[in-house]
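The next block is entry38.pdb, given as PDB, C-alpha atoms, pLDDT in the B column.
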```pdb
ATOM      1  CA  MET A 844    -125.193  29.899  61.557  1.00 45.00           C
ATOM      2  CA  GLU A 845    -127.718  32.639  62.157  1.00 47.00           C
ATOM      3  CA  LYS A 846    -126.383  33.878  65.507  1.00 63.00           C
ATOM      4  CA  GLN A 847    -122.640  34.299  65.894  1.00 82.00           C
ATOM      5  CA  TYR A 848    -120.937  32.928  68.977  1.00 93.00           C
ATOM      6  CA  ASP A 849    -117.283  33.302  69.840  1.00 94.00           C
ATOM      7  CA  VAL A 850    -114.939  30.356  69.322  1.00 94.00           C
ATOM      8  CA  THR A 851    -114.724  29.565  73.051  1.00 95.00           C
ATOM      9  CA  THR A 852    -118.507  29.340  73.334  1.00 96.00           C
ATOM     10  CA  GLN A 853    -118.664  27.091  70.275  1.00 96.00           C
ATOM     11  CA  GLU A 854    -115.912  24.787  71.549  1.00 96.00           C
ATOM     12  CA  TYR A 855    -117.520  24.384  74.977  1.00 97.00           C
ATOM     13  CA  ILE A 856    -120.937  23.735  73.451  1.00 97.00           C
ATOM     14  CA  GLU A 857    -119.407  21.023  71.243  1.00 96.00           C
ATOM     15  CA  VAL A 858    -117.770  19.323  74.225  1.00 97.00           C
ATOM     16  CA  ILE A 859    -120.959  19.435  76.285  1.00 98.00           C
ATOM     17  CA  TYR A 860    -122.949  18.168  73.294  1.00 98.00           C
ATOM     18  CA  GLN A 861    -120.577  15.200  72.923  1.00 96.00           C
ATOM     19  CA  LEU A 862    -120.660  14.453  76.660  1.00 97.00           C
ATOM     20  CA  GLU A 863    -124.464  14.576  76.681  1.00 97.00           C
ATOM     21  CA  LYS A 864    -124.503  12.074  73.818  1.00 96.00           C
ATOM     22  CA  GLU A 865    -122.201   9.770  75.796  1.00 96.00           C
ATOM     23  CA  ASN A 866    -123.466  10.257  79.370  1.00 94.00           C
ATOM     24  CA  ARG A 867    -126.764  12.208  79.143  1.00 94.00           C
ATOM     25  CA  VAL A 868    -125.124  14.990  81.206  1.00 93.00           C
ATOM     26  CA  ALA A 869    -121.778  16.747  81.407  1.00 96.00           C
ATOM     27  CA  ARG A 870    -119.749  17.513  84.510  1.00 96.00           C
ATOM     28  CA  VAL A 871    -117.205  20.273  85.115  1.00 95.00           C
ATOM     29  CA  THR A 872    -114.437  17.692  85.636  1.00 96.00           C
ATOM     30  CA  GLU A 873    -115.163  15.957  82.321  1.00 97.00           C
ATOM     31  CA  ILE A 874    -115.343  19.238  80.439  1.00 97.00           C
ATOM     32  CA  ALA A 875    -112.028  20.360  81.985  1.00 97.00           C
ATOM     33  CA  GLU A 876    -110.363  17.081  80.974  1.00 97.00           C
ATOM     34  CA  ARG A 877    -111.621  17.273  77.374  1.00 96.00           C
ATOM     35  CA  ARG A 878    -110.646  20.929  77.001  1.00 96.00           C
ATOM     36  CA  GLY A 879    -107.353  20.632  78.859  1.00 96.00           C
ATOM     37  CA  VAL A 880    -108.223  23.472  81.236  1.00 97.00           C
ATOM     38  CA  THR A 881    -108.815  23.879  84.970  1.00 96.00           C
ATOM     39  CA  LYS A 882    -112.173  23.260  86.632  1.00 95.00           C
ATOM     40  CA  SER A 883    -112.290  26.900  87.714  1.00 95.00           C
ATOM     41  CA  SER A 884    -111.942  27.995  84.069  1.00 96.00           C
ATOM     42  CA  VAL A 885    -114.837  25.711  83.129  1.00 96.00           C
ATOM     43  CA  SER A 886    -116.970  27.130  85.953  1.00 93.00           C
ATOM     44  CA  LEU A 887    -116.401  30.679  84.691  1.00 96.00           C
ATOM     45  CA  VAL A 888    -117.366  29.734  81.152  1.00 97.00           C
ATOM     46  CA  MET A 889    -120.436  27.839  82.416  1.00 96.00           C
ATOM     47  CA  GLN A 890    -121.648  31.056  84.058  1.00 95.00           C
ATOM     48  CA  GLN A 891    -121.279  32.859  80.733  1.00 96.00           C
ATOM     49  CA  LEU A 892    -123.074  30.063  78.864  1.00 97.00           C
ATOM     50  CA  GLN A 893    -125.910  30.201  81.414  1.00 96.00           C
ATOM     51  CA  GLN A 894    -126.226  33.932  80.817  1.00 96.00           C
ATOM     52  CA  LYS A 895    -126.454  33.221  77.075  1.00 96.00           C
ATOM     53  CA  ASN A 896    -129.167  30.640  77.876  1.00 97.00           C
ATOM     54  CA  LEU A 897    -127.157  27.813  76.308  1.00 98.00           C
ATOM     55  CA  VAL A 898    -126.706  25.574  79.387  1.00 98.00           C
ATOM     56  CA  ASP A 899    -128.504  24.636  82.583  1.00 96.00           C
ATOM     57  CA  ARG A 900    -126.650  23.674  85.746  1.00 93.00           C
ATOM     58  CA  LYS A 901    -128.406  21.035  87.804  1.00 85.00           C
ATOM     59  CA  LEU A 902    -127.890  19.573  91.234  1.00 74.00           C
ATOM     60  CA  TYR A 903    -124.764  17.477  91.769  1.00 78.00           C
ATOM     61  CA  GLY A 904    -122.871  19.459  89.154  1.00 84.00           C
ATOM     62  CA  HIS A 905    -124.749  18.118  86.138  1.00 94.00           C
ATOM     63  CA  ILE A 906    -124.627  20.413  83.135  1.00 97.00           C
ATOM     64  CA  THR A 907    -127.061  20.074  80.268  1.00 96.00           C
ATOM     65  CA  LEU A 908    -127.668  22.080  77.149  1.00 98.00           C
ATOM     66  CA  THR A 909    -130.824  24.116  76.765  1.00 97.00           C
ATOM     67  CA  ALA A 910    -132.879  23.588  73.614  1.00 97.00           C
ATOM     68  CA  GLY A 911    -130.930  26.461  72.020  1.00 97.00           C
ATOM     69  CA  GLY A 912    -127.614  24.999  73.171  1.00 97.00           C
ATOM     70  CA  ARG A 913    -128.573  21.606  71.770  1.00 97.00           C
ATOM     71  CA  ARG A 914    -129.496  23.136  68.395  1.00 97.00           C
ATOM     72  CA  LEU A 915    -126.172  24.990  68.317  1.00 96.00           C
ATOM     73  CA  GLY A 916    -124.287  21.822  69.294  1.00 96.00           C
ATOM     74  CA  ALA A 917    -125.990  19.794  66.564  1.00 96.00           C
ATOM     75  CA  ARG A 918    -125.199  22.471  63.939  1.00 94.00           C
ATOM     76  CA  LEU A 919    -121.563  22.649  65.048  1.00 95.00           C
ATOM     77  CA  MET A 920    -121.175  18.864  64.925  1.00 95.00           C
ATOM     78  CA  LYS A 921    -122.774  18.721  61.463  1.00 95.00           C
ATOM     79  CA  ARG A 922    -120.467  21.489  60.265  1.00 95.00           C
ATOM     80  CA  HIS A 923    -117.463  19.625  61.655  1.00 96.00           C
ATOM     81  CA  GLU A 924    -118.549  16.366  59.997  1.00 96.00           C
ATOM     82  CA  VAL A 925    -119.075  18.020  56.594  1.00 96.00           C
ATOM     83  CA  LEU A 926    -115.732  19.847  56.712  1.00 97.00           C
ATOM     84  CA  ALA A 927    -113.819  16.732  57.813  1.00 97.00           C
ATOM     85  CA  ARG A 928    -115.519  14.690  55.084  1.00 95.00           C
ATOM     86  CA  PHE A 929    -114.727  17.354  52.476  1.00 95.00           C
ATOM     87  CA  LEU A 930    -111.061  17.384  53.502  1.00 95.00           C
ATOM     88  CA  ARG A 931    -110.853  13.569  53.423  1.00 94.00           C
ATOM     89  CA  GLU A 932    -112.935  12.801  50.343  1.00 90.00           C
ATOM     90  CA  VAL A 933    -112.342  15.814  48.118  1.00 90.00           C
ATOM     91  CA  VAL A 934    -108.979  17.196  49.149  1.00 90.00           C
ATOM     92  CA  GLY A 935    -107.586  13.764  50.041  1.00 89.00           C
ATOM     93  CA  VAL A 936    -105.895  14.484  53.372  1.00 93.00           C
ATOM     94  CA  SER A 937    -105.563  11.865  56.099  1.00 95.00           C
ATOM     95  CA  ALA A 938    -108.414  11.321  58.560  1.00 96.00           C
ATOM     96  CA  GLN A 939    -106.296  12.709  61.384  1.00 97.00           C
ATOM     97  CA  THR A 940    -105.416  15.887  59.469  1.00 97.00           C
ATOM     98  CA  ALA A 941    -109.035  16.286  58.348  1.00 97.00           C
ATOM     99  CA  GLU A 942    -110.256  16.106  61.958  1.00 96.00           C
ATOM    100  CA  GLN A 943    -107.679  18.597  63.210  1.00 96.00           C
ATOM    101  CA  ASP A 944    -108.285  21.046  60.383  1.00 97.00           C
ATOM    102  CA  ALA A 945    -112.083  20.728  60.623  1.00 96.00           C
ATOM    103  CA  CYS A 946    -111.841  21.710  64.314  1.00 93.00           C
ATOM    104  CA  ILE A 947    -110.254  24.983  63.261  1.00 94.00           C
ATOM    105  CA  LEU A 948    -112.227  25.671  60.068  1.00 95.00           C
ATOM    106  CA  GLU A 949    -115.668  25.075  61.531  1.00 93.00           C
ATOM    107  CA  HIS A 950    -115.334  28.218  63.657  1.00 90.00           C
ATOM    108  CA  VAL A 951    -114.102  30.585  60.960  1.00 91.00           C
ATOM    109  CA  ILE A 952    -115.521  29.454  57.623  1.00 93.00           C
ATOM    110  CA  SER A 953    -118.310  31.534  56.132  1.00 93.00           C
ATOM    111  CA  ASN A 954    -121.765  30.062  55.618  1.00 93.00           C
ATOM    112  CA  GLU A 955    -121.359  30.647  51.886  1.00 96.00           C
ATOM    113  CA  SER A 956    -118.169  28.563  51.669  1.00 96.00           C
ATOM    114  CA  TYR A 957    -119.521  25.889  54.004  1.00 96.00           C
ATOM    115  CA  ASN A 958    -122.731  25.534  51.980  1.00 96.00           C
ATOM    116  CA  ALA A 959    -120.761  25.340  48.721  1.00 95.00           C
ATOM    117  CA  MET A 960    -118.605  22.533  50.156  1.00 95.00           C
ATOM    118  CA  ARG A 961    -121.698  20.691  51.359  1.00 94.00           C
ATOM    119  CA  ARG A 962    -123.366  21.020  47.942  1.00 93.00           C
ATOM    120  CA  LEU A 963    -120.210  19.797  46.212  1.00 91.00           C
ATOM    121  CA  LEU A 964    -120.067  16.732  48.485  1.00 92.00           C
ATOM    122  CA  ASP A 965    -123.724  15.990  47.772  1.00 90.00           C
ATOM    123  CA  GLY A 966    -123.142  16.417  44.036  1.00 86.00           C
ATOM    124  CA  ILE A 967    -120.174  14.067  44.051  1.00 85.00           C
ATOM    125  CA  LYS A 968    -122.131  11.478  46.010  1.00 81.00           C
ATOM    126  CA  ASP A 969    -124.888  11.574  43.394  1.00 83.00           C
ATOM    127  CA  SER A 970    -122.547  11.376  40.380  1.00 83.00           C
ATOM    128  CA  PRO A 971    -120.350   8.358  39.639  1.00 81.00           C
ATOM    129  CA  GLU A 972    -118.599  10.394  36.922  1.00 86.00           C
ATOM    130  CA  ALA A 973    -117.707  13.130  39.412  1.00 81.00           C
ATOM    131  CA  GLU A 974    -116.349  10.531  41.834  1.00 79.00           C
ATOM    132  CA  GLU A 975    -114.153   9.043  39.089  1.00 84.00           C
ATOM    133  CA  ARG A 976    -112.805  12.476  38.088  1.00 84.00           C
ATOM    134  CA  LEU A 977    -112.102  13.329  41.705  1.00 82.00           C
ATOM    135  CA  ALA A 978    -110.250  10.050  42.250  1.00 81.00           C
ATOM    136  CA  ALA A 979    -108.132  10.728  39.144  1.00 84.00           C
ATOM    137  CA  TRP A 980    -107.385  14.275  40.351  1.00 82.00           C
ATOM    138  CA  ARG A 981    -106.312  13.012  43.790  1.00 78.00           C
ATOM    139  CA  GLN A 982    -104.092  10.376  42.196  1.00 81.00           C
ATOM    140  CA  ARG A 983    -102.384  12.990  40.003  1.00 81.00           C
ATOM    141  CA  GLY A 984    -101.829  15.140  43.070  1.00 74.00           C
ATOM    142  CA  GLU A 985    -100.252  12.253  44.958  1.00 71.00           C
ATOM    143  CA  GLN A 986     -97.889  11.568  42.066  1.00 65.00           C
ATOM    144  CA  THR A 987     -96.732  15.167  41.775  1.00 63.00           C
ATOM    145  CA  SER A 988     -96.378  15.993  45.451  1.00 59.00           C
ATOM    146  CA  ARG A 989     -94.586  12.976  46.853  1.00 54.00           C
ATOM    147  CA  PRO A 990     -91.780  14.005  49.197  1.00 57.00           C
ATOM    148  CA  ARG A 991     -88.211  13.557  48.076  1.00 54.00           C
ATOM    149  CA  GLU A 992     -85.705  11.646  50.148  1.00 59.00           C
ATOM    150  CA  ASP A 993     -84.602  14.919  51.759  1.00 60.00           C
ATOM    151  CA  GLY A 994     -88.230  15.586  52.827  1.00 57.00           C
ATOM    152  CA  SER A 995     -88.942  18.406  50.377  1.00 54.00           C
ATOM    153  CA  ALA A 996     -91.899  18.200  48.023  1.00 54.00           C
ATOM    154  CA  LYS A 997     -91.395  17.421  44.350  1.00 53.00           C
ATOM    155  CA  GLU A 998     -92.522  20.366  42.234  1.00 51.00           C
ATOM    156  CA  ARG A 999     -94.822  19.863  39.264  1.00 47.00           C
ATOM    157  CA  SER A1000     -93.016  20.404  35.969  1.00 48.00           C
ATOM    158  CA  ASP A1001     -96.126  21.055  33.868  1.00 47.00           C
ATOM    159  CA  LYS A1002     -96.923  24.559  35.159  1.00 42.00           C
TER     160      LYS A1002
END
```
Transcribe the structure of this file into C-alpha cells.
Amino acid sequence: MEKQYDVTTQEYIEVIYQLEKENRVARVTEIAERRGVTKSSVSLVMQQLQQKNLVDRKLYGHITLTAGGRRLGARLMKRHEVLARFLREVVGVSAQTAEQDACILEHVISNESYNAMRRLLDGIKDSPEAEERLAAWRQRGEQTSRPREDGSAKERSDK
C-alpha cells in the first residue's frame, strides 16, 4: 500500500468497509460490537479517522468512508482475501486458521512478499501441473506431520 496507516486505523477501516457493504452505513454501536470495544473508544478513533479524511460522520450517527477510506478498505479486504487463500490453498491450513492468520499478516507483510504470494497463486491457478505438484507436496506434509497419540508432532526421518 502506498500510504502507511497504523494497524488500528486499518482494522477500523476494514470493519466500516464490511458494515457499509452490509448496511450502506456503519454506526458506532455496530463498530464497537465487531471490534469488542466500548462506544467511547470507537468515537475517539472516528475523530482520528475524520482528521485523516478516511470517514465522514453523518446525522443520526451514520458513519461512511470517504473515497480514500473506501479505496483503503477495498485494498485491505483484497489483501486479506489473497493471504487467506494462500494459506488455505498453498500452505494447506484450515479455513479458520487461514482467516485468523490473514487478519494478522495483512497488517505487517511487506508489499514485496504480498505481491509474490499473489503472483504464485495466479501462476498455480493457470498451471494444472503446478496444482498437481502442490497437492502432492501438501499430502506429503500431512503424512509427515500427523500428531502422535500424545499430541506431539511426528518428525520427518528423511532430513
With the cut-off set at 10 Å and counting only C-alpha atoms, tabulate each residue of region 853-944 of chain A with an atom at most that distance from an atom of region 963-967 of chain A, showing the nearest atom pair and its distance in Å to one decimal, ordered by chain and increasing number, as a Markdown table.
```
| residue | atom | partner | partner_atom | distance |
| --- | --- | --- | --- | --- |
| A:Val925 | CA | A:Leu964 | CA | 8.3 |
| A:Leu926 | CA | A:Leu964 | CA | 9.8 |
| A:Arg928 | CA | A:Leu964 | CA | 8.3 |
| A:Phe929 | CA | A:Leu964 | CA | 6.7 |
| A:Glu932 | CA | A:Leu964 | CA | 8.4 |
| A:Val933 | CA | A:Leu964 | CA | 7.8 |
```
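Counting from CA of Glu863 (chain A), the distance to CA of Ala910 (chain A) is 12.7 Å.
When the distance limit is 12 Å and only C-alpha atoms are what count, the residues near Val934 (chain A), minus those fewer than 6 positions from it on the same chain, are Leu926, Ala927, Arg928, Thr940, Ala941, Asp944, Met960, Leu963, Leu964, Leu977, Ala978, Ala979, Trp980, Arg981, Gln982, Gly984 and Glu985 of chain A.
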Inset, instruction - Using all atoms listed in the file, pick whichever of A:Thr909, A:Ser956, A:Gln847, A:Ser937 has the shortest atom-to-atom distance to Gln894 (chain A). - result: A:Thr909
Inset, instruction - Can you give me, as an MDAnalysis selection string, the residues this file yields under the PyMOL selection byres ((chain A and resi 861) around 12)? - result: chainID A and resid 854:860 862:870 873:874 877 907:908 913 916:917 919:920
Take the residues just selected and output them with C-alpha atoms as a PDB file, in the frame of the given file.
```pdb
ATOM      1  CA  GLU A 854    -115.912  24.787  71.549  1.00 96.00           C
ATOM      2  CA  TYR A 855    -117.520  24.384  74.977  1.00 97.00           C
ATOM      3  CA  ILE A 856    -120.937  23.735  73.451  1.00 97.00           C
ATOM      4  CA  GLU A 857    -119.407  21.023  71.243  1.00 96.00           C
ATOM      5  CA  VAL A 858    -117.770  19.323  74.225  1.00 97.00           C
ATOM      6  CA  ILE A 859    -120.959  19.435  76.285  1.00 98.00           C
ATOM      7  CA  TYR A 860    -122.949  18.168  73.294  1.00 98.00           C
ATOM      8  CA  LEU A 862    -120.660  14.453  76.660  1.00 97.00           C
ATOM      9  CA  GLU A 863    -124.464  14.576  76.681  1.00 97.00           C
ATOM     10  CA  LYS A 864    -124.503  12.074  73.818  1.00 96.00           C
ATOM     11  CA  GLU A 865    -122.201   9.770  75.796  1.00 96.00           C
ATOM     12  CA  ASN A 866    -123.466  10.257  79.370  1.00 94.00           C
ATOM     13  CA  ARG A 867    -126.764  12.208  79.143  1.00 94.00           C
ATOM     14  CA  VAL A 868    -125.124  14.990  81.206  1.00 93.00           C
ATOM     15  CA  ALA A 869    -121.778  16.747  81.407  1.00 96.00           C
ATOM     16  CA  ARG A 870    -119.749  17.513  84.510  1.00 96.00           C
ATOM     17  CA  GLU A 873    -115.163  15.957  82.321  1.00 97.00           C
ATOM     18  CA  ILE A 874    -115.343  19.238  80.439  1.00 97.00           C
ATOM     19  CA  ARG A 877    -111.621  17.273  77.374  1.00 96.00           C
ATOM     20  CA  THR A 907    -127.061  20.074  80.268  1.00 96.00           C
ATOM     21  CA  LEU A 908    -127.668  22.080  77.149  1.00 98.00           C
ATOM     22  CA  ARG A 913    -128.573  21.606  71.770  1.00 97.00           C
ATOM     23  CA  GLY A 916    -124.287  21.822  69.294  1.00 96.00           C
ATOM     24  CA  ALA A 917    -125.990  19.794  66.564  1.00 96.00           C
ATOM     25  CA  LEU A 919    -121.563  22.649  65.048  1.00 95.00           C
ATOM     26  CA  MET A 920    -121.175  18.864  64.925  1.00 95.00           C
TER      27      MET A 920
END
```
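Note that the spacing between CA of Arg900 (chain A) and CA of Val871 (chain A) amounts to 10.1 Å.
Take CA of Leu948 (chain A) and CA of Leu897 (chain A): the distance between them is 22.2 Å.
Residues lying within 12 Å of (-121.8, 28.2, 55.1). Counted over only C-alpha atoms, they are A:Met844, A:Glu845, A:Arg918, A:Leu919, A:Lys921, A:Arg922, A:His923, A:Val925, A:Leu926, A:Leu948, A:Glu949, A:His950, A:Val951, A:Ile952, A:Ser953, A:Asn954, A:Glu955, A:Ser956, A:Tyr957, A:Asn958, A:Ala959, A:Met960, A:Arg961, A:Arg962.
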Give the centre and edge lengths of an axis-aligned box, in Å to one decimal, that holds all listed atoms of region 914-932 of chain A with 8 Å on each side, as lines of an AutoDock Vina configuration file.
```
center_x = -120.2
center_y = 18.9
center_z = 59.8
size_x = 34.6
size_y = 28.2
size_z = 35.0
```
Residues selected by the PyMOL selection byres ((chain A and resi 889) around 9), written as a PDB file with C-alpha atoms, in the coordinates of the input:
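Below is the file out.pdb, written as the result:
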```pdb
ATOM      1  CA  TYR A 855    -117.520  24.384  74.977  1.00 97.00           C
ATOM      2  CA  VAL A 871    -117.205  20.273  85.115  1.00 95.00           C
ATOM      3  CA  SER A 884    -111.942  27.995  84.069  1.00 96.00           C
ATOM      4  CA  VAL A 885    -114.837  25.711  83.129  1.00 96.00           C
ATOM      5  CA  SER A 886    -116.970  27.130  85.953  1.00 93.00           C
ATOM      6  CA  LEU A 887    -116.401  30.679  84.691  1.00 96.00           C
ATOM      7  CA  VAL A 888    -117.366  29.734  81.152  1.00 97.00           C
ATOM      8  CA  GLN A 890    -121.648  31.056  84.058  1.00 95.00           C
ATOM      9  CA  GLN A 891    -121.279  32.859  80.733  1.00 96.00           C
ATOM     10  CA  LEU A 892    -123.074  30.063  78.864  1.00 97.00           C
ATOM     11  CA  GLN A 893    -125.910  30.201  81.414  1.00 96.00           C
ATOM     12  CA  GLN A 894    -126.226  33.932  80.817  1.00 96.00           C
ATOM     13  CA  VAL A 898    -126.706  25.574  79.387  1.00 98.00           C
ATOM     14  CA  ASP A 899    -128.504  24.636  82.583  1.00 96.00           C
ATOM     15  CA  ARG A 900    -126.650  23.674  85.746  1.00 93.00           C
ATOM     16  CA  ILE A 906    -124.627  20.413  83.135  1.00 97.00           C
TER      17      ILE A 906
END
```
